[in-house]
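Okay, work_16.cif is below, mmCIF, C-alpha atoms and all ligand atoms:
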```
data_protein
#
loop_
_atom_site.label_atom_id
_atom_site.label_comp_id
_atom_site.auth_asym_id
_atom_site.auth_seq_id
_atom_site.Cartn_x
_atom_site.Cartn_y
_atom_site.Cartn_z
CA MET A 1 86.44 95.59 93.17
CA LYS A 2 88.39 92.38 92.79
CA SER A 3 91.61 94.07 93.83
CA PHE A 4 89.88 95.62 96.82
CA VAL A 5 88.65 92.24 98.02
CA LEU A 6 92.14 90.83 97.63
CA PHE A 7 93.65 93.73 99.50
CA ALA A 8 91.35 93.18 102.42
CA VAL A 9 92.37 89.60 103.09
CA THR A 10 95.09 88.82 105.61
CA ALA A 11 98.75 88.24 104.80
CA ALA A 12 98.35 84.49 105.41
CA ALA A 13 95.50 84.34 102.97
CA ILE A 14 97.60 86.25 100.42
CA ALA A 15 100.37 83.65 100.75
CA GLN A 16 97.81 80.87 100.17
CA ASP A 17 96.41 82.78 97.26
CA GLY A 18 99.90 82.90 95.76
CA ALA A 19 100.15 79.12 95.99
CA ALA A 20 96.70 78.67 94.41
CA LEU A 21 97.46 81.17 91.64
CA PHE A 22 100.77 79.46 91.01
CA ARG A 23 99.07 76.07 90.71
CA ALA A 24 96.46 77.48 88.35
CA ARG A 25 98.63 79.72 86.16
CA CYS A 26 102.27 78.65 86.35
CA ALA A 27 102.26 74.92 87.16
CA VAL A 28 100.29 74.01 84.05
CA PRO A 29 101.52 71.27 81.67
CA TYR A 30 104.47 72.49 79.57
CA CYS A 31 105.36 75.17 82.10
CA HIS A 32 106.64 75.08 85.66
CA GLY A 33 105.96 71.98 87.76
CA GLN A 34 103.95 71.75 90.95
CA ALA A 35 105.41 73.54 93.97
CA GLY A 36 108.36 74.83 91.97
CA SER A 37 109.52 71.49 90.52
CA ALA A 38 110.55 71.23 86.86
CA GLY A 39 108.03 71.08 84.02
CA ARG A 40 109.01 71.90 80.47
CA ALA A 41 110.16 75.23 81.85
CA PRO A 42 112.96 75.27 84.45
CA LYS A 43 112.34 74.28 88.02
CA LEU A 44 112.06 77.17 90.38
CA ILE A 45 113.22 75.43 93.55
CA GLY A 46 116.55 76.93 94.54
CA HIS A 47 116.26 79.82 92.09
CA THR A 48 118.37 82.86 92.91
CA TYR A 49 116.25 85.70 91.55
CA ASN A 50 115.49 88.63 93.81
CA SER A 51 111.85 89.45 94.45
CA SER A 52 111.78 92.53 92.22
CA ALA A 53 113.13 90.35 89.39
CA VAL A 54 110.45 87.70 90.02
CA PHE A 55 107.78 90.41 90.16
CA SER A 56 108.87 91.90 86.86
CA ILE A 57 109.33 88.52 85.15
CA VAL A 58 105.83 87.42 86.20
CA SER A 59 104.42 90.78 85.04
CA GLY A 60 106.26 91.24 81.78
CA GLY A 61 107.50 87.73 81.00
CA LEU A 62 110.77 86.77 79.35
CA PRO A 63 109.81 86.91 75.66
CA ALA A 64 113.14 85.51 74.48
CA LYS A 65 112.60 82.40 76.60
CA GLY A 66 108.93 81.85 75.88
CA MET A 67 107.77 82.87 79.34
CA PRO A 68 104.57 84.93 78.96
CA GLY A 69 103.82 88.04 81.00
CA PHE A 70 100.75 88.05 83.23
CA ASP A 71 100.17 91.75 83.72
CA ARG A 72 96.98 91.65 81.65
CA ASP A 73 95.53 88.59 83.39
CA LEU A 74 96.48 89.20 86.99
CA THR A 75 96.19 92.26 89.19
CA ALA A 76 99.32 93.73 90.80
CA GLU A 77 98.17 92.20 94.09
CA GLU A 78 97.88 88.76 92.51
CA ILE A 79 101.31 89.09 90.90
CA GLU A 80 102.68 90.10 94.29
CA ALA A 81 101.09 87.02 95.87
CA VAL A 82 102.64 84.76 93.21
CA THR A 83 105.98 86.54 93.73
CA ARG A 84 105.89 85.86 97.44
CA TYR A 85 105.09 82.23 96.81
CA VAL A 86 107.89 81.86 94.24
CA MET A 87 110.31 83.54 96.69
CA THR A 88 109.65 80.70 99.16
CA PHE A 89 111.50 78.40 96.69
CA ALA A 90 114.57 80.65 96.55
CA GLY A 91 117.96 79.09 97.19
CA ALA A 92 120.95 80.55 98.98
CA GLY A 93 123.62 82.64 97.29
CA PRO A 94 123.75 85.95 95.49
CA ARG A 95 120.48 87.13 93.93
CA LYS A 96 120.12 87.70 90.22
CA ASN A 97 118.11 90.38 88.48
CA GLU A 98 115.73 89.54 85.65
CA TRP A 99 118.55 89.52 83.14
CA GLY A 100 120.24 86.80 85.15
CA ILE A 101 123.10 89.09 86.05
CA SER A 102 124.15 88.19 89.55
CA SER A 103 126.77 90.83 89.93
CA ARG A 104 126.93 93.86 87.70
CA THR A 105 130.10 95.19 89.15
CA GLN A 106 133.04 93.35 90.61
CA LEU A 107 133.49 94.65 94.13
CA THR A 108 136.06 94.11 96.85
CA PRO A 109 134.95 91.53 99.47
CA GLU A 110 134.20 94.35 101.94
CA LEU A 111 131.99 96.19 99.45
CA GLU A 112 130.39 92.91 98.39
CA ARG A 113 129.32 92.24 101.99
CA SER A 114 128.03 95.77 102.24
CA ARG A 115 126.01 95.38 99.04
CA ASN A 116 124.63 91.96 100.07
CA LEU A 117 123.38 93.51 103.27
CA PHE A 118 121.66 96.30 101.36
CA PHE A 119 119.86 93.80 99.07
CA ASP A 120 119.47 91.13 101.76
CA ALA A 121 117.21 88.36 100.44
CA ALA A 122 116.39 87.10 103.93
CA ARG A 123 114.89 90.52 104.58
CA MET A 124 112.80 90.43 101.41
CA ASN A 125 115.54 92.36 99.57
CA GLY A 126 116.09 94.77 102.46
CA CYS A 127 116.68 98.34 101.38
CA GLY A 128 116.62 97.17 97.74
CA ARG A 129 112.90 96.53 98.13
CA CYS A 130 112.47 100.27 97.74
CA HIS A 131 115.78 101.75 96.62
CA GLU A 132 117.66 101.14 93.41
CA VAL A 133 121.44 101.32 93.53
CA ASP A 134 123.82 100.32 90.73
CA GLY A 135 120.93 99.13 88.56
CA TRP A 136 119.41 96.87 91.22
CA GLY A 137 116.41 97.03 93.47
CA SER A 138 113.15 98.96 93.07
CA LYS A 139 112.76 102.64 92.32
CA VAL A 140 110.19 103.34 95.03
CA GLY A 141 112.27 105.70 97.20
CA PRO A 142 114.97 108.15 96.10
CA ASP A 143 118.14 107.06 94.32
CA LEU A 144 120.54 106.70 97.25
CA SER A 145 123.60 106.99 95.05
CA ARG A 146 122.49 110.60 94.48
CA SER A 147 121.16 111.36 97.93
CA ALA A 148 122.88 113.74 100.29
CA SER A 149 121.32 112.11 103.35
CA TRP A 150 123.39 109.86 105.58
CA ASN A 151 120.59 109.13 107.99
CA LEU A 152 119.98 105.56 106.87
CA ARG A 153 117.43 104.88 109.60
CA GLY A 154 115.50 108.06 109.12
CA GLY A 155 114.03 109.18 105.86
CA SER A 156 111.71 112.13 106.31
CA GLY A 157 108.56 110.43 105.08
CA LYS A 158 108.48 113.28 102.55
CA GLY A 159 106.12 112.64 99.70
CA VAL A 160 104.32 109.78 101.42
CA VAL A 161 100.58 110.44 101.69
CA THR A 162 97.59 108.57 103.02
CA ALA A 163 95.59 107.27 100.07
CA ARG A 164 91.91 106.41 100.31
CA ILE A 165 89.96 104.39 97.78
CA GLY A 166 86.50 103.64 99.13
CA ALA A 167 87.03 101.99 102.52
CA GLU A 168 90.64 101.08 101.75
CA THR A 169 93.35 103.26 103.34
CA PHE A 170 97.07 102.84 102.76
CA PRO A 171 100.31 104.84 102.68
CA ALA A 172 101.29 105.74 99.13
CA LEU A 173 103.77 107.60 96.96
CA VAL A 174 101.95 109.15 94.03
CA LEU A 175 103.97 109.02 90.80
CA GLU A 176 101.62 110.44 88.20
CA PRO A 177 98.45 112.10 89.41
CA GLY A 178 95.64 112.50 86.91
CA SER A 179 92.47 110.83 85.66
CA VAL A 180 94.51 107.64 85.83
CA THR A 181 96.91 107.77 88.74
CA ARG A 182 99.95 105.57 89.23
CA LEU A 183 101.15 105.13 92.77
CA TRP A 184 103.31 102.93 94.95
CA ASP A 185 101.23 101.20 97.60
CA LEU A 186 103.49 101.05 100.67
CA GLY A 187 100.91 99.10 102.64
CA SER A 188 102.43 95.72 101.83
CA ARG A 189 105.90 94.34 102.56
CA LEU A 190 106.82 94.48 98.90
CA PRO A 191 105.59 97.85 97.59
CA VAL A 192 103.12 97.37 94.77
CA LEU A 193 102.79 99.69 91.77
CA ARG A 194 99.09 100.34 91.27
CA THR A 195 97.07 102.17 88.67
CA VAL A 196 93.87 103.67 90.02
CA ALA A 197 91.13 105.94 88.72
CA GLY A 198 91.91 109.46 89.89
CA ALA A 199 88.23 110.09 90.59
CA ASP A 200 88.14 107.23 93.13
CA LEU A 201 91.27 108.36 94.92
CA GLN A 202 91.52 110.75 97.85
CA THR A 203 94.87 111.70 99.31
CA ASP A 204 95.75 113.25 102.64
CA ALA A 205 99.23 114.78 102.98
CA ALA A 206 99.44 113.52 106.56
CA SER A 207 100.73 109.97 106.83
CA ARG A 208 101.80 107.72 109.64
CA TRP A 209 104.19 105.84 107.36
CA ASP A 210 107.53 105.70 109.11
CA HIS A 211 110.77 105.00 107.28
CA ALA A 212 112.41 103.89 110.52
CA ALA A 213 109.90 101.04 110.76
CA GLU A 214 110.99 99.84 107.32
CA THR A 215 114.61 99.61 108.46
CA ARG A 216 113.87 97.91 111.79
CA ALA A 217 115.15 94.57 110.49
CA TYR A 218 118.65 96.10 110.49
CA SER A 219 120.67 96.84 113.63
CA ASP A 220 122.61 100.12 113.89
CA ALA A 221 125.82 98.18 113.35
CA GLU A 222 124.42 96.67 110.14
CA LEU A 223 123.39 100.09 108.86
CA GLN A 224 126.98 101.22 109.41
CA LEU A 225 128.12 98.27 107.30
CA ILE A 226 125.83 99.39 104.46
CA ARG A 227 127.50 102.80 104.22
CA PRO A 228 130.61 101.74 102.26
CA PHE A 229 128.43 100.39 99.44
CA LEU A 230 126.47 103.64 99.23
CA GLN A 231 129.69 105.65 99.42
CA TRP A 232 131.06 103.59 96.57
CA ALA A 233 127.84 104.06 94.56
CA ARG A 234 128.03 107.84 95.04
CA LYS A 235 131.55 107.90 93.70
CA GLN A 236 130.37 106.07 90.56
CA GLN A 237 128.09 108.97 89.61
CA PRO A 238 129.51 110.84 86.63
CA ASP A 239 129.08 114.16 88.42
CA ALA A 240 130.65 112.94 91.69
CA ARG A 241 133.36 115.18 93.05
C1 LIG B 301 109.31 100.11 102.09
C2 LIG B 301 110.17 100.96 101.31
C3 LIG B 301 111.52 101.35 101.83
C4 LIG B 301 112.49 100.56 102.41
C5 LIG B 301 112.46 99.06 102.70
C6 LIG B 301 113.62 101.43 102.67
N1 LIG B 301 113.34 102.70 102.26
FE1 LIG B 301 114.55 104.30 102.37
N2 LIG B 301 113.07 105.51 101.62
C7 LIG B 301 111.84 105.07 101.19
C8 LIG B 301 111.05 106.20 100.74
C9 LIG B 301 109.64 106.15 100.19
C10 LIG B 301 111.85 107.35 100.95
C11 LIG B 301 111.46 108.82 100.65
C12 LIG B 301 110.63 109.34 101.79
C13 LIG B 301 111.44 109.51 103.04
O1 LIG B 301 112.49 110.18 103.01
O2 LIG B 301 111.03 108.96 104.09
C14 LIG B 301 113.12 106.88 101.52
C15 LIG B 301 114.17 107.69 101.87
C16 LIG B 301 115.41 107.23 102.29
C17 LIG B 301 116.55 108.09 102.55
C18 LIG B 301 116.58 109.61 102.41
C19 LIG B 301 116.98 109.94 101.02
C20 LIG B 301 116.92 111.40 100.67
O3 LIG B 301 117.67 111.81 99.77
O4 LIG B 301 116.13 112.12 101.30
C21 LIG B 301 117.59 107.28 102.92
C22 LIG B 301 119.02 107.71 103.25
C23 LIG B 301 117.10 105.91 102.90
N3 LIG B 301 115.77 105.92 102.52
C24 LIG B 301 117.85 104.79 103.20
C25 LIG B 301 117.34 103.49 103.32
C26 LIG B 301 118.11 102.35 103.76
C27 LIG B 301 119.59 102.36 104.09
C28 LIG B 301 117.25 101.28 103.79
C29 LIG B 301 117.53 99.88 104.26
C30 LIG B 301 118.06 99.75 105.60
C31 LIG B 301 115.95 101.77 103.35
N4 LIG B 301 116.05 103.11 103.07
C32 LIG B 301 114.81 101.00 103.23
C33 LIG B 301 111.41 103.78 101.17
C34 LIG B 301 112.06 102.69 101.73
#
```

Go ahead and express the file in the form of structure tokens.
Ligand code: HEC
Amino acid sequence: MKSFVLFAVTAAAIAQDGAALFRARCAVPYCHGQAGSAGRAPKLIGHTYNSSAVFSIVSGGLPAKGMPGFDRDLTAEEIEAVTRYVMTFAGAGPRKNEWGISSRTQLTPELERSRNLFFDAARMNGCGRCHEVDGWGSKVGPDLSRSASWNLRGGSGKGVVTARIGAETFPALVLEPGSVTRLWDLGSRLPVLRTVAGADLQTDAASRWDHAAETRAYSDAELQLIRPFLQWARKQQPDAR
């Protein structure tokens, strides 16, 4: 019920919620300071983590560094709200994943530009919000380093359904159906992994979710510039010919 109420509030309210949750849970004495300043834990202003890294650090913590995980205390929606708030402190420069690795593979400047565009932080991690390539990004959509499709705007919408839980309706990708169902909620800017009771969930194969809408932040010319990175990633596959 709590998660439903949270889902129903507007995006602006979610952002505010993130700030309030941050103040209550993260900016406590001995941890992070107010509004991202330093406490005993590092300051977050100017951090260079990508949003999927922030999401997974807030969820699972960084045990080696004494940062606790919050996945038992906060709902996925609340963790997303905190993530969005923490992303407002992000600095410029290449993004790091949760292991602090800012660049897994040394690339030529041309490929580097192509990759940065794919994972563009200014666009909330761009394509990397939903696609993982070279160990980065989120595994919501298919692995593009193994995909045969070159229609970067398109996407067929295959597999995306309309999910209904009570009065709540949202586009979703179901991962594991069953008495407890895991699904990606594509209704928010940053897809959220949710666990719902199968008995409460209804799905309709028809969906108005449109991949093209998700890529609207990129011009055609920019999509062309992304290709070399994907071409490179495909060649890295062990079975590539
Ligand atoms: C909000 C999530 C989301 C974002 C952002 C997103 N995609 Fe996708 N993408 C998906 C999903 C889900 C699918 C599978 C369903 C479909 O094909 O529409 C997909 C499918 C694809 C496919 C087809 C793959 C195949 O093998 O059928 C391509 C190519 C693709 N995306 C490229 C991109 C590129 C390039 C970007 C960035 C410009 C991007 N996507 C951004 C979610 C996303």

Item to complete: Identify which of the residues A:Ala217, A:Val54, A:Ala20, A:Leu223 lies closest to Ala90 (chain A), counting all atoms listed in the file when measuring atom-to-atom distances.
Response: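 For Ala90 (chain A), the nearest of the given residues is A:Val54.
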
Worksheet item: Of the candidates A:Pro171, A:Gly93, A:Gly128, A:Gly18, which shows the shortest atom-to-atom distance to ligand LIG 301 (chain B), using all atoms listed in the file?
Response: A:Gly128

Contacts of region 184-195 of chain A at 6 Å (all atoms listed in the file; same-chain gap of 6+ positions) as a PDB file with C-alpha atoms, keeping the file's coordinate frame:
```
ATOM      1  CA  PHE A 170      97.070 102.840 102.760  1.00  0.00           C
ATOM      2  CA  PRO A 171     100.310 104.840 102.680  1.00  0.00           C
ATOM      3  CA  ALA A 172     101.290 105.740  99.130  1.00  0.00           C
ATOM      4  CA  LEU A 173     103.770 107.600  96.960  1.00  0.00           C
TER       5      LEU A 173
END
```

Discussion item. Which residues are near ligand LIG 301 (chain B) in this structure, taking near to mean any atom at most 7 Å from a ligand atom and counting all atoms listed in the file? Format them as JSON, numbers by chain.
Written reply: {"A": [118, 126, 127, 128, 129, 130, 131, 140, 141, 142, 144, 147, 148, 149, 150, 151, 152, 153, 154, 155, 156, 157, 158, 159, 160, 173, 186, 189, 190, 191, 210, 211, 214, 215, 218, 223, 226]}

Atoms kept (C-alpha atoms) for selection, written as a tab-separated table (two decimals), in the coordinates of the input:
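Writing the result to again_39.tsv gives the following:
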```
chain	number	residue	atom	x	y	z
A	118	PHE	CA	121.66	96.30	101.36
A	126	GLY	CA	116.09	94.77	102.46
A	127	CYS	CA	116.68	98.34	101.38
A	128	GLY	CA	116.62	97.17	97.74
A	129	ARG	CA	112.90	96.53	98.13
A	130	CYS	CA	112.47	100.27	97.74
A	131	HIS	CA	115.78	101.75	96.62
A	140	VAL	CA	110.19	103.34	95.03
A	141	GLY	CA	112.27	105.70	97.20
A	142	PRO	CA	114.97	108.15	96.10
A	144	LEU	CA	120.54	106.70	97.25
A	147	SER	CA	121.16	111.36	97.93
A	148	ALA	CA	122.88	113.74	100.29
A	149	SER	CA	121.32	112.11	103.35
A	150	TRP	CA	123.39	109.86	105.58
A	151	ASN	CA	120.59	109.13	107.99
A	152	LEU	CA	119.98	105.56	106.87
A	153	ARG	CA	117.43	104.88	109.60
A	154	GLY	CA	115.50	108.06	109.12
A	155	GLY	CA	114.03	109.18	105.86
A	156	SER	CA	111.71	112.13	106.31
A	157	GLY	CA	108.56	110.43	105.08
A	158	LYS	CA	108.48	113.28	102.55
A	159	GLY	CA	106.12	112.64	99.70
A	160	VAL	CA	104.32	109.78	101.42
A	173	LEU	CA	103.77	107.60	96.96
A	186	LEU	CA	103.49	101.05	100.67
A	189	ARG	CA	105.90	94.34	102.56
A	190	LEU	CA	106.82	94.48	98.90
A	191	PRO	CA	105.59	97.85	97.59
A	210	ASP	CA	107.53	105.70	109.11
A	211	HIS	CA	110.77	105.00	107.28
A	214	GLU	CA	110.99	99.84	107.32
A	215	THR	CA	114.61	99.61	108.46
A	218	TYR	CA	118.65	96.10	110.49
A	223	LEU	CA	123.39	100.09	108.86
A	226	ILE	CA	125.83	99.39	104.46
```

Just want the 9 Å neighbourhood of Pro42 (chain A), counted on all atoms listed in the file, with same-chain residues fewer than 2 positions away dropped. Output as a compact mmCIF listing (two decimals) with C-alpha atoms, in the frame of the given file.
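The resulting part_13.txt:
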```txt
# COMPACT_ATOMS: atom_id res chain seq x y z
CA CYS A 31 105.36 75.17 82.10
CA HIS A 32 106.64 75.08 85.66
CA GLY A 33 105.96 71.98 87.76
CA GLY A 36 108.36 74.83 91.97
CA SER A 37 109.52 71.49 90.52
CA ALA A 38 110.55 71.23 86.86
CA GLY A 39 108.03 71.08 84.02
CA ARG A 40 109.01 71.90 80.47
CA LEU A 44 112.06 77.17 90.38
```

Fill in: Using only C-alpha atoms: which of A:Ala163, A:Leu111, A:Arg84, A:Ser56 has the shortest distance to Asp71 (chain A)
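Among the listed residues, A:Ser56 lies closest to Asp71 (chain A).
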
Worksheet item: Which value, in Å to one decimal, gives the distance between CA of Pro109 (chain A) and CA of Lys139 (chain A)?
Response: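 Between CA of Pro109 (chain A) and CA of Lys139 (chain A) the gap is 25.8 Å.
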
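If you look at CA of Phe55 (chain A) and CA of Lys96 (chain A), they are 12.6 Å away from each other.
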
Worksheet entry | Test item: residues at most 7 Å from region 228-237 of chain A, all atoms listed in the file, excluding those fewer than 5 positions along its chain, as a VMD selection string | chain A and resid 111 114 to 115 134 144 to 146

Worksheet item: What is the CA of Pro68 (chain A)-CA of Ala41 (chain A) distance in Å, reported with one decimal?
Response: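 Distance between the two atoms: 11.6 Å.
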
Worksheet item: Pick the closest to Asp73 (chain A) from A:Ala92, A:Leu117, A:Leu225, A:Leu21: which is it, counting all atoms listed in the file?
Response: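 Smallest distance to Asp73 (chain A) is found for A:Leu21.
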
Item to complete: Name the residues, using the chain letters and numbers of the file, that sit within 9 Å of (99.0, 90.3, 91.9) when counting only C-alpha atoms, and give them as a PyMOL selection string.
Response: chain A and resi 3+6+18+55+59+71+74-83+192

Just to be explicit: take each residue in the selection above, keep C-alpha atoms, and write the result as a PDB file, in the coordinates of the input.
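The file below, out-v1.pdb, is the result:
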```
ATOM      1  CA  SER A   3      91.610  94.070  93.830  1.00  0.00           C
ATOM      2  CA  LEU A   6      92.140  90.830  97.630  1.00  0.00           C
ATOM      3  CA  GLY A  18      99.900  82.900  95.760  1.00  0.00           C
ATOM      4  CA  PHE A  55     107.780  90.410  90.160  1.00  0.00           C
ATOM      5  CA  SER A  59     104.420  90.780  85.040  1.00  0.00           C
ATOM      6  CA  ASP A  71     100.170  91.750  83.720  1.00  0.00           C
ATOM      7  CA  LEU A  74      96.480  89.200  86.990  1.00  0.00           C
ATOM      8  CA  THR A  75      96.190  92.260  89.190  1.00  0.00           C
ATOM      9  CA  ALA A  76      99.320  93.730  90.800  1.00  0.00           C
ATOM     10  CA  GLU A  77      98.170  92.200  94.090  1.00  0.00           C
ATOM     11  CA  GLU A  78      97.880  88.760  92.510  1.00  0.00           C
ATOM     12  CA  ILE A  79     101.310  89.090  90.900  1.00  0.00           C
ATOM     13  CA  GLU A  80     102.680  90.100  94.290  1.00  0.00           C
ATOM     14  CA  ALA A  81     101.090  87.020  95.870  1.00  0.00           C
ATOM     15  CA  VAL A  82     102.640  84.760  93.210  1.00  0.00           C
ATOM     16  CA  THR A  83     105.980  86.540  93.730  1.00  0.00           C
ATOM     17  CA  VAL A 192     103.120  97.370  94.770  1.00  0.00           C
TER      18      VAL A 192
END
```
